[in-house]
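Data first, discussion second: the structure below is written as structure tokens.
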Amino acid sequence: MKLKIFALILVLSVAFLCAQALAGGIQRIGTAGAQELRIPIGARSTALGGSAVADVSGVEALFWNPAGVALSQGTEAVFSYMSYIADINLGHVGVTTNLGDFGSLGASIKVLDVGDIQVTREDSPNEDNTTGEVFSPSFAVIGLTYARQMTDRVSFGISGMYISEKIMRESATGVAFDFGFMYEVGWSGLKFGTVMKNYGPNMRFDGPDFERVLLDPEFDPEAPARTLKTESATFDLPSYVQIGLSWTPYNLNGNRLSLLSTFQSNNYSPDEYKFGAEYCLNDVLFLRAGYSSDFRDEFGEAQSKTCIRGLTFGAGIKTTLGNTEIGLDYSWMSSEFFDDNQLFSLRFGF
């Protein structure tokens, strides 16, 4: 009875948050920061078009649904690398471990490598306004997760993330939280999952370059200069809600077919619909495909729609070396305006 009441409260809470998120949408595009929180990790889930909210476990669950961490067996470590847009690269390291009746714990580090950028100034004597100096922006997210199976079919998880951004001498820090829930129906491999992501207080940039030393003409010219400091505006986190389903219509002797779908209600961009399919051969070889739609007005024309993210493909292989399970996964993601993305993941299970 208590479990049914909890599930009802959770579903109502998700519905309420979805309504709040739908209040945003297109009108709020570009008003949220810390976009590194939204960059996906994990070759399996990205190959499925990001539809794995209801069917994910281990380290990949740290990003997609923290409730899936509770389904981990033993200890798992994953190293991921993605070639992102505009020569930006993403590195990720994560580890999860099952602690029995206490639950499961997970930790991860995501680092965005933007590369070197030349400093330009209007008063530079160079024709291209460069000064000869370079700076390297840094963006990092450090996360901790706790998850637990409440029953043999229900699991719950929560993640806390520390966000760090630095551009030249200015920096911003903040915290964000994810809340996830997974439920296995018990019929034909049907699963339900929901997650609320990136909820936390606003962030603000600060640093010495916001200070200016000025001589106020209204004061005594012999008076010392005054230091004035301006403040940057605060920015919201890119929060959103996902609701997903997973169905395994075929599962026999290590061969299985899984079909997945997820609806994502964004607070600061149009909503998304994600679909994926995975076929496992002898529990060794995995073939995956997915599709993610993000339709929005192009150049302000109400009737012209552009798909920002489309088809995804991927494959994986799993083997055992002694007592260690090793998995290598790859995913390819199409992109409309930039080079297509590729992601590699190397997984170790102990």
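Labels for the structure tokens follow display order: chains A, B, ..., residues from 1 in each chain, ligands from 1.
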**Request:** Run DSSP on the backbone and give me the residues of segment 21-178 of chain A it puts in alpha helix (DSSP H), as a PyMOL selection string.
**Result:** chain A and resi 21-22+43-47+61-64
What are the DSSP strand (DSSP E) residues of segment 72-184 of chain A, as a PDB file with N, CA and C atoms, in the first residue's frame?
ATOM      1  N   THR A  75      30.949  -4.093  -9.420  1.00  0.00           N
ATOM      2  CA  THR A  75      31.539  -2.773  -9.696  1.00  0.00           C
ATOM      3  C   THR A  75      31.764  -2.617 -11.199  1.00  0.00           C
ATOM      4  N   GLU A  76      31.459  -1.428 -11.704  1.00  0.00           N
ATOM      5  CA  GLU A  76      31.627  -1.156 -13.126  1.00  0.00           C
ATOM      6  C   GLU A  76      32.332   0.177 -13.305  1.00  0.00           C
ATOM      7  N   ALA A  77      33.273   0.224 -14.242  1.00  0.00           N
ATOM      8  CA  ALA A  77      33.990   1.455 -14.582  1.00  0.00           C
ATOM      9  C   ALA A  77      33.931   1.651 -16.088  1.00  0.00           C
ATOM     10  N   VAL A  78      33.689   2.891 -16.526  1.00  0.00           N
ATOM     11  CA  VAL A  78      33.553   3.199 -17.951  1.00  0.00           C
ATOM     12  C   VAL A  78      34.358   4.446 -18.274  1.00  0.00           C
ATOM     13  N   PHE A  79      35.049   4.384 -19.411  1.00  0.00           N
ATOM     14  CA  PHE A  79      35.798   5.521 -19.937  1.00  0.00           C
ATOM     15  C   PHE A  79      35.208   5.852 -21.306  1.00  0.00           C
ATOM     16  N   SER A  80      34.800   7.121 -21.491  1.00  0.00           N
ATOM     17  CA  SER A  80      34.157   7.531 -22.744  1.00  0.00           C
ATOM     18  C   SER A  80      34.871   8.734 -23.340  1.00  0.00           C
ATOM     19  N   TYR A  81      34.846   8.781 -24.674  1.00  0.00           N
ATOM     20  CA  TYR A  81      35.412   9.924 -25.384  1.00  0.00           C
ATOM     21  C   TYR A  81      34.526  10.225 -26.580  1.00  0.00           C
ATOM     22  N   MET A  82      34.186  11.509 -26.754  1.00  0.00           N
ATOM     23  CA  MET A  82      33.341  11.892 -27.878  1.00  0.00           C
ATOM     24  C   MET A  82      33.926  13.083 -28.608  1.00  0.00           C
ATOM     25  N   SER A  83      33.943  12.982 -29.933  1.00  0.00           N
ATOM     26  CA  SER A  83      34.285  14.109 -30.785  1.00  0.00           C
ATOM     27  C   SER A  83      33.012  14.909 -31.009  1.00  0.00           C
ATOM     28  N   ASN A  89      35.878  18.469 -27.749  1.00  0.00           N
ATOM     29  CA  ASN A  89      35.928  17.065 -27.352  1.00  0.00           C
ATOM     30  C   ASN A  89      35.403  16.906 -25.923  1.00  0.00           C
ATOM     31  N   LEU A  90      34.817  15.744 -25.662  1.00  0.00           N
ATOM     32  CA  LEU A  90      34.239  15.467 -24.347  1.00  0.00           C
ATOM     33  C   LEU A  90      34.835  14.184 -23.796  1.00  0.00           C
ATOM     34  N   GLY A  91      35.369  14.251 -22.585  1.00  0.00           N
ATOM     35  CA  GLY A  91      35.874  13.083 -21.889  1.00  0.00           C
ATOM     36  C   GLY A  91      35.039  12.789 -20.657  1.00  0.00           C
ATOM     37  N   HIS A  92      34.835  11.513 -20.361  1.00  0.00           N
ATOM     38  CA  HIS A  92      34.002  11.130 -19.220  1.00  0.00           C
ATOM     39  C   HIS A  92      34.549   9.873 -18.573  1.00  0.00           C
ATOM     40  N   VAL A  93      34.579   9.868 -17.251  1.00  0.00           N
ATOM     41  CA  VAL A  93      34.976   8.700 -16.474  1.00  0.00           C
ATOM     42  C   VAL A  93      33.919   8.486 -15.396  1.00  0.00           C
ATOM     43  N   GLY A  94      33.450   7.257 -15.259  1.00  0.00           N
ATOM     44  CA  GLY A  94      32.442   6.972 -14.250  1.00  0.00           C
ATOM     45  C   GLY A  94      32.644   5.608 -13.630  1.00  0.00           C
ATOM     46  N   VAL A  95      32.180   5.444 -12.400  1.00  0.00           N
ATOM     47  CA  VAL A  95      32.279   4.169 -11.708  1.00  0.00           C
ATOM     48  C   VAL A  95      31.043   3.990 -10.836  1.00  0.00           C
ATOM     49  N   THR A  96      30.519   2.770 -10.789  1.00  0.00           N
ATOM     50  CA  THR A  96      29.404   2.437  -9.915  1.00  0.00           C
ATOM     51  C   THR A  96      29.735   1.153  -9.158  1.00  0.00           C
ATOM     52  N   THR A  97      29.145   0.992  -7.988  1.00  0.00           N
ATOM     53  CA  THR A  97      29.354  -0.228  -7.208  1.00  0.00           C
ATOM     54  C   THR A  97      28.103  -0.544  -6.403  1.00  0.00           C
ATOM     55  N   ASN A  98      27.794  -1.822  -6.303  1.00  0.00           N
ATOM     56  CA  ASN A  98      26.647  -2.289  -5.546  1.00  0.00           C
ATOM     57  C   ASN A  98      27.089  -2.661  -4.141  1.00  0.00           C
ATOM     58  N   SER A 104      23.360   1.294  -3.967  1.00  0.00           N
ATOM     59  CA  SER A 104      24.465   1.429  -4.910  1.00  0.00           C
ATOM     60  C   SER A 104      24.951   2.864  -4.944  1.00  0.00           C
ATOM     61  N   LEU A 105      26.243   3.037  -5.166  1.00  0.00           N
ATOM     62  CA  LEU A 105      26.853   4.357  -5.264  1.00  0.00           C
ATOM     63  C   LEU A 105      27.522   4.519  -6.621  1.00  0.00           C
ATOM     64  N   GLY A 106      27.596   5.752  -7.069  1.00  0.00           N
ATOM     65  CA  GLY A 106      28.258   6.048  -8.333  1.00  0.00           C
ATOM     66  C   GLY A 106      28.933   7.400  -8.282  1.00  0.00           C
ATOM     67  N   ALA A 107      29.970   7.557  -9.096  1.00  0.00           N
ATOM     68  CA  ALA A 107      30.688   8.828  -9.194  1.00  0.00           C
ATOM     69  C   ALA A 107      31.135   9.011 -10.637  1.00  0.00           C
ATOM     70  N   SER A 108      31.197  10.260 -11.074  1.00  0.00           N
ATOM     71  CA  SER A 108      31.588  10.527 -12.463  1.00  0.00           C
ATOM     72  C   SER A 108      32.229  11.896 -12.585  1.00  0.00           C
ATOM     73  N   ILE A 109      33.035  12.037 -13.631  1.00  0.00           N
ATOM     74  CA  ILE A 109      33.656  13.315 -13.986  1.00  0.00           C
ATOM     75  C   ILE A 109      33.493  13.499 -15.491  1.00  0.00           C
ATOM     76  N   LYS A 110      32.924  14.621 -15.877  1.00  0.00           N
ATOM     77  CA  LYS A 110      32.762  14.973 -17.293  1.00  0.00           C
ATOM     78  C   LYS A 110      33.530  16.269 -17.559  1.00  0.00           C
ATOM     79  N   VAL A 111      34.406  16.247 -18.559  1.00  0.00           N
ATOM     80  CA  VAL A 111      35.229  17.413 -18.868  1.00  0.00           C
ATOM     81  C   VAL A 111      35.055  17.766 -20.341  1.00  0.00           C
ATOM     82  N   LEU A 112      34.767  19.031 -20.599  1.00  0.00           N
ATOM     83  CA  LEU A 112      34.591  19.530 -21.961  1.00  0.00           C
ATOM     84  C   LEU A 112      35.850  20.292 -22.370  1.00  0.00           C
ATOM     85  N   ASP A 113      36.506  19.827 -23.436  1.00  0.00           N
ATOM     86  CA  ASP A 113      37.746  20.433 -23.922  1.00  0.00           C
ATOM     87  C   ASP A 113      37.427  21.298 -25.138  1.00  0.00           C
ATOM     88  N   ILE A 117      41.717  29.457 -27.662  1.00  0.00           N
ATOM     89  CA  ILE A 117      41.034  30.528 -28.394  1.00  0.00           C
ATOM     90  C   ILE A 117      41.903  31.775 -28.338  1.00  0.00           C
ATOM     91  N   GLN A 118      42.101  32.421 -29.472  1.00  0.00           N
ATOM     92  CA  GLN A 118      42.915  33.625 -29.513  1.00  0.00           C
ATOM     93  C   GLN A 118      42.155  34.815 -28.926  1.00  0.00           C
ATOM     94  N   VAL A 119      42.871  35.620 -28.151  1.00  0.00           N
ATOM     95  CA  VAL A 119      42.299  36.836 -27.568  1.00  0.00           C
ATOM     96  C   VAL A 119      42.287  37.933 -28.625  1.00  0.00           C
ATOM     97  N   THR A 120      41.161  38.606 -28.775  1.00  0.00           N
ATOM     98  CA  THR A 120      41.035  39.726 -29.718  1.00  0.00           C
ATOM     99  C   THR A 120      40.576  40.972 -28.976  1.00  0.00           C
ATOM    100  N   THR A 130      43.824  40.316 -33.212  1.00  0.00           N
ATOM    101  CA  THR A 130      44.377  39.400 -32.219  1.00  0.00           C
ATOM    102  C   THR A 130      45.507  40.080 -31.448  1.00  0.00           C
ATOM    103  N   THR A 131      45.734  39.607 -30.227  1.00  0.00           N
ATOM    104  CA  THR A 131      46.779  40.177 -29.375  1.00  0.00           C
ATOM    105  C   THR A 131      47.985  39.253 -29.228  1.00  0.00           C
ATOM    106  N   GLY A 132      47.900  38.052 -29.749  1.00  0.00           N
ATOM    107  CA  GLY A 132      48.969  37.080 -29.564  1.00  0.00           C
ATOM    108  C   GLY A 132      48.775  36.208 -28.335  1.00  0.00           C
ATOM    109  N   GLU A 133      47.769  36.538 -27.513  1.00  0.00           N
ATOM    110  CA  GLU A 133      47.458  35.745 -26.326  1.00  0.00           C
ATOM    111  C   GLU A 133      46.384  34.705 -26.658  1.00  0.00           C
ATOM    112  N   VAL A 134      46.366  33.637 -25.886  1.00  0.00           N
ATOM    113  CA  VAL A 134      45.335  32.608 -26.025  1.00  0.00           C
ATOM    114  C   VAL A 134      44.777  32.262 -24.646  1.00  0.00           C
ATOM    115  N   PHE A 135      43.549  31.772 -24.634  1.00  0.00           N
ATOM    116  CA  PHE A 135      42.968  31.279 -23.390  1.00  0.00           C
ATOM    117  C   PHE A 135      42.226  29.986 -23.698  1.00  0.00           C
ATOM    118  N   SER A 138      37.359  26.183 -19.658  1.00  0.00           N
ATOM    119  CA  SER A 138      37.214  24.843 -19.080  1.00  0.00           C
ATOM    120  C   SER A 138      35.822  24.692 -18.500  1.00  0.00           C
ATOM    121  N   PHE A 139      35.229  23.519 -18.751  1.00  0.00           N
ATOM    122  CA  PHE A 139      33.892  23.203 -18.257  1.00  0.00           C
ATOM    123  C   PHE A 139      33.934  21.783 -17.701  1.00  0.00           C
ATOM    124  N   ALA A 140      33.519  21.605 -16.464  1.00  0.00           N
ATOM    125  CA  ALA A 140      33.576  20.290 -15.825  1.00  0.00           C
ATOM    126  C   ALA A 140      32.348  20.071 -14.951  1.00  0.00           C
ATOM    127  N   VAL A 141      31.929  18.802 -14.884  1.00  0.00           N
ATOM    128  CA  VAL A 141      30.816  18.390 -14.026  1.00  0.00           C
ATOM    129  C   VAL A 141      31.258  17.169 -13.229  1.00  0.00           C
ATOM    130  N   ILE A 142      31.188  17.271 -11.908  1.00  0.00           N
ATOM    131  CA  ILE A 142      31.545  16.161 -11.020  1.00  0.00           C
ATOM    132  C   ILE A 142      30.272  15.708 -10.316  1.00  0.00           C
ATOM    133  N   GLY A 143      29.959  14.408 -10.438  1.00  0.00           N
ATOM    134  CA  GLY A 143      28.699  13.918  -9.904  1.00  0.00           C
ATOM    135  C   GLY A 143      28.847  12.774  -8.925  1.00  0.00           C
ATOM    136  N   LEU A 144      27.926  12.720  -7.963  1.00  0.00           N
ATOM    137  CA  LEU A 144      27.814  11.616  -7.012  1.00  0.00           C
ATOM    138  C   LEU A 144      26.362  11.124  -7.036  1.00  0.00           C
ATOM    139  N   THR A 145      26.180   9.801  -6.997  1.00  0.00           N
ATOM    140  CA  THR A 145      24.848   9.218  -7.132  1.00  0.00           C
ATOM    141  C   THR A 145      24.609   8.158  -6.063  1.00  0.00           C
ATOM    142  N   TYR A 146      23.397   8.155  -5.527  1.00  0.00           N
ATOM    143  CA  TYR A 146      22.953   7.073  -4.646  1.00  0.00           C
ATOM    144  C   TYR A 146      21.660   6.507  -5.211  1.00  0.00           C
ATOM    145  N   ALA A 147      21.573   5.172  -5.276  1.00  0.00           N
ATOM    146  CA  ALA A 147      20.381   4.515  -5.797  1.00  0.00           C
ATOM    147  C   ALA A 147      20.101   3.263  -4.988  1.00  0.00           C
ATOM    148  N   ARG A 148      18.828   2.869  -4.994  1.00  0.00           N
ATOM    149  CA  ARG A 148      18.452   1.684  -4.231  1.00  0.00           C
ATOM    150  C   ARG A 148      17.216   1.036  -4.849  1.00  0.00           C
ATOM    151  N   GLN A 149      17.205  -0.283  -4.848  1.00  0.00           N
ATOM    152  CA  GLN A 149      16.018  -1.024  -5.246  1.00  0.00           C
ATOM    153  C   GLN A 149      15.055  -1.092  -4.068  1.00  0.00           C
ATOM    154  N   VAL A 154      10.978  -2.057  -8.422  1.00  0.00           N
ATOM    155  CA  VAL A 154      11.008  -0.595  -8.315  1.00  0.00           C
ATOM    156  C   VAL A 154      12.372  -0.137  -7.802  1.00  0.00           C
ATOM    157  N   SER A 155      12.947   0.846  -8.470  1.00  0.00           N
ATOM    158  CA  SER A 155      14.221   1.424  -8.022  1.00  0.00           C
ATOM    159  C   SER A 155      14.146   2.942  -8.106  1.00  0.00           C
ATOM    160  N   PHE A 156      14.931   3.583  -7.263  1.00  0.00           N
ATOM    161  CA  PHE A 156      14.944   5.041  -7.175  1.00  0.00           C
ATOM    162  C   PHE A 156      16.385   5.505  -7.034  1.00  0.00           C
ATOM    163  N   GLY A 157      16.716   6.668  -7.618  1.00  0.00           N
ATOM    164  CA  GLY A 157      18.072   7.186  -7.531  1.00  0.00           C
ATOM    165  C   GLY A 157      18.104   8.697  -7.530  1.00  0.00           C
ATOM    166  N   ILE A 158      19.137   9.254  -6.934  1.00  0.00           N
ATOM    167  CA  ILE A 158      19.332  10.701  -6.890  1.00  0.00           C
ATOM    168  C   ILE A 158      20.798  11.015  -7.139  1.00  0.00           C
ATOM    169  N   SER A 159      21.046  12.035  -7.940  1.00  0.00           N
ATOM    170  CA  SER A 159      22.414  12.465  -8.250  1.00  0.00           C
ATOM    171  C   SER A 159      22.585  13.925  -7.866  1.00  0.00           C
ATOM    172  N   GLY A 160      23.742  14.238  -7.324  1.00  0.00           N
ATOM    173  CA  GLY A 160      24.132  15.618  -7.062  1.00  0.00           C
ATOM    174  C   GLY A 160      25.363  15.936  -7.879  1.00  0.00           C
ATOM    175  N   MET A 161      25.377  17.090  -8.531  1.00  0.00           N
ATOM    176  CA  MET A 161      26.480  17.444  -9.431  1.00  0.00           C
ATOM    177  C   MET A 161      27.044  18.819  -9.086  1.00  0.00           C
ATOM    178  N   TYR A 162      28.364  18.893  -9.098  1.00  0.00           N
ATOM    179  CA  TYR A 162      29.064  20.166  -8.924  1.00  0.00           C
ATOM    180  C   TYR A 162      29.504  20.642 -10.296  1.00  0.00           C
ATOM    181  N   ILE A 163      29.130  21.872 -10.645  1.00  0.00           N
ATOM    182  CA  ILE A 163      29.402  22.425 -11.976  1.00  0.00           C
ATOM    183  C   ILE A 163      30.473  23.507 -11.859  1.00  0.00           C
ATOM    184  N   SER A 164      31.474  23.439 -12.722  1.00  0.00           N
ATOM    185  CA  SER A 164      32.543  24.430 -12.729  1.00  0.00           C
ATOM    186  C   SER A 164      32.778  24.916 -14.154  1.00  0.00           C
ATOM    187  N   GLU A 165      32.722  26.237 -14.338  1.00  0.00           N
ATOM    188  CA  GLU A 165      32.993  26.852 -15.644  1.00  0.00           C
ATOM    189  C   GLU A 165      34.010  27.976 -15.457  1.00  0.00           C
ATOM    190  N   LYS A 166      34.976  28.046 -16.361  1.00  0.00           N
ATOM    191  CA  LYS A 166      35.975  29.098 -16.281  1.00  0.00           C
ATOM    192  C   LYS A 166      36.314  29.600 -17.673  1.00  0.00           C
ATOM    193  N   ILE A 167      36.229  30.921 -17.848  1.00  0.00           N
ATOM    194  CA  ILE A 167      36.584  31.576 -19.105  1.00  0.00           C
ATOM    195  C   ILE A 167      37.522  32.721 -18.777  1.00  0.00           C
ATOM    196  N   GLU A 170      37.432  34.673 -15.335  1.00  0.00           N
ATOM    197  CA  GLU A 170      36.097  34.644 -14.757  1.00  0.00           C
ATOM    198  C   GLU A 170      35.632  33.192 -14.602  1.00  0.00           C
ATOM    199  N   SER A 171      34.868  32.938 -13.572  1.00  0.00           N
ATOM    200  CA  SER A 171      34.407  31.571 -13.317  1.00  0.00           C
ATOM    201  C   SER A 171      33.008  31.590 -12.719  1.00  0.00           C
ATOM    202  N   ALA A 172      32.343  30.454 -12.839  1.00  0.00           N
ATOM    203  CA  ALA A 172      31.019  30.265 -12.246  1.00  0.00           C
ATOM    204  C   ALA A 172      30.936  28.844 -11.723  1.00  0.00           C
ATOM    205  N   THR A 173      30.340  28.685 -10.563  1.00  0.00           N
ATOM    206  CA  THR A 173      30.159  27.358  -9.979  1.00  0.00           C
ATOM    207  C   THR A 173      28.708  27.201  -9.540  1.00  0.00           C
ATOM    208  N   GLY A 174      28.255  25.963  -9.505  1.00  0.00           N
ATOM    209  CA  GLY A 174      26.888  25.713  -9.091  1.00  0.00           C
ATOM    210  C   GLY A 174      26.671  24.244  -8.790  1.00  0.00           C
ATOM    211  N   VAL A 175      25.457  23.915  -8.385  1.00  0.00           N
ATOM    212  CA  VAL A 175      25.081  22.532  -8.102  1.00  0.00           C
ATOM    213  C   VAL A 175      23.766  22.233  -8.815  1.00  0.00           C
ATOM    214  N   ALA A 176      23.604  20.961  -9.195  1.00  0.00           N
ATOM    215  CA  ALA A 176      22.381  20.510  -9.843  1.00  0.00           C
ATOM    216  C   ALA A 176      22.034  19.121  -9.327  1.00  0.00           C
ATOM    217  N   PHE A 177      20.754  18.764  -9.446  1.00  0.00           N
ATOM    218  CA  PHE A 177      20.290  17.476  -8.941  1.00  0.00           C
ATOM    219  C   PHE A 177      19.422  16.778  -9.977  1.00  0.00           C
ATOM    220  N   ASP A 178      19.583  15.444 -10.045  1.00  0.00           N
ATOM    221  CA  ASP A 178      18.730  14.585 -10.867  1.00  0.00           C
ATOM    222  C   ASP A 178      17.972  13.634  -9.949  1.00  0.00           C
ATOM    223  N   PHE A 179      16.717  13.334 -10.312  1.00  0.00           N
ATOM    224  CA  PHE A 179      15.904  12.371  -9.566  1.00  0.00           C
ATOM    225  C   PHE A 179      15.324  11.375 -10.562  1.00  0.00           C
ATOM    226  N   GLY A 180      15.552  10.081 -10.315  1.00  0.00           N
ATOM    227  CA  GLY A 180      15.096   9.073 -11.258  1.00  0.00           C
ATOM    228  C   GLY A 180      14.284   7.975 -10.610  1.00  0.00           C
ATOM    229  N   PHE A 181      13.401   7.374 -11.417  1.00  0.00           N
ATOM    230  CA  PHE A 181      12.513   6.307 -10.948  1.00  0.00           C
ATOM    231  C   PHE A 181      12.374   5.299 -12.079  1.00  0.00           C
ATOM    232  N   MET A 182      12.442   3.988 -11.758  1.00  0.00           N
ATOM    233  CA  MET A 182      12.260   2.929 -12.743  1.00  0.00           C
ATOM    234  C   MET A 182      11.333   1.867 -12.172  1.00  0.00           C
ATOM    235  N   TYR A 183      10.469   1.355 -13.056  1.00  0.00           N
ATOM    236  CA  TYR A 183       9.504   0.335 -12.636  1.00  0.00           C
ATOM    237  C   TYR A 183       9.425  -0.750 -13.710  1.00  0.00           C
ATOM    238  N   GLU A 184       9.653  -1.996 -13.307  1.00  0.00           N
ATOM    239  CA  GLU A 184       9.528  -3.133 -14.212  1.00  0.00           C
ATOM    240  C   GLU A 184       8.138  -3.736 -14.035  1.00  0.00           C
TER     241      GLU A 184
END
**Item:** Å distance separating atom CA of Lys318 of chain A from atom CA of Trp187 of chain A, one decimal place
**Value:**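 Computing it gives 26.9 Å between the two atoms.
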**Asked** What is the distance, in Å and to one decimal place, between atom CA of Tyr240 of chain A and atom CA of Glu336 of chain A?
**Response** 22.6 Å
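Using only C-alpha atoms, the shortest contact distance between Gly314 of chain A and any of A:Leu190, A:Val59, A:Ile39, A:Leu48 is found at A:Leu48.
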**Asked** Neighbours of Ser57 of chain A within 7 Å (only C-alpha atoms; same-chain residues fewer than 5 positions away dropped), as a PyMOL selection string?
**Response** chain A and resi 68-69+71-72
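Computed from the coordinates, the atom CA of Ser345 of chain A to atom CA of Ser45 of chain A distance equals 10.8 Å.
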Any chance you could tabulate, as a tab-separated table, the residues of segment 140-199 of chain A at most 10 Å from segment 263-271 of chain A with each one's nearest atom pair and distance in Å to one decimal, using only C-alpha atoms, in chain and rising number order?
residue	atom	partner	partner_atom	distance
A:Thr194	CA	A:Phe263	CA	9.5
A:Val195	CA	A:Gln264	CA	9.6
A:Met196	CA	A:Ser265	CA	9.8
A:Lys197	CA	A:Asn266	CA	9.9
Dump as a PDB file, in the first residue's frame, selection limited to N, CA and C atoms:
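Wrote it out as part.pdb, contents follow:
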ATOM      1  N   THR A 194      11.267   7.336 -15.450  1.00  0.00           N
ATOM      2  CA  THR A 194      11.144   8.789 -15.529  1.00  0.00           C
ATOM      3  C   THR A 194      12.289   9.431 -14.761  1.00  0.00           C
ATOM      4  N   VAL A 195      12.704  10.597 -15.221  1.00  0.00           N
ATOM      5  CA  VAL A 195      13.817  11.289 -14.584  1.00  0.00           C
ATOM      6  C   VAL A 195      13.604  12.793 -14.697  1.00  0.00           C
ATOM      7  N   MET A 196      13.919  13.512 -13.630  1.00  0.00           N
ATOM      8  CA  MET A 196      13.906  14.974 -13.613  1.00  0.00           C
ATOM      9  C   MET A 196      15.354  15.434 -13.504  1.00  0.00           C
ATOM     10  N   LYS A 197      15.832  16.179 -14.482  1.00  0.00           N
ATOM     11  CA  LYS A 197      17.263  16.469 -14.584  1.00  0.00           C
ATOM     12  C   LYS A 197      17.582  17.961 -14.452  1.00  0.00           C
TER      13      LYS A 197
END
**Asked** Tyr250 of chain A: which residues within 9 Å, counting only C-alpha atoms, same-chain residues fewer than 5 positions away excluded, as a PyMOL selection string?
**Response** chain A and resi 188-189+255-258
**Asked** Nearest to Ser292 of chain A: which of A:Ala47, A:Leu99, A:Gly349, A:Gly42 is it, counting only C-alpha atoms?
**Response**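 Closest to Ser292 of chain A, using only C-alpha atoms: A:Ala47.
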**Distance query segment 227-235 of chain A at most 8 Å, only C-alpha atoms, self and fewer than 4 positions along chain excluded, as a list in words** =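 Using only C-alpha atoms, the neighbours found are Thr31, Ala32, Gly33, Asn202, Met203, Arg204, Phe205, Asp206, Phe210, Glu211, Arg212, Val213 and Leu214 of chain A.
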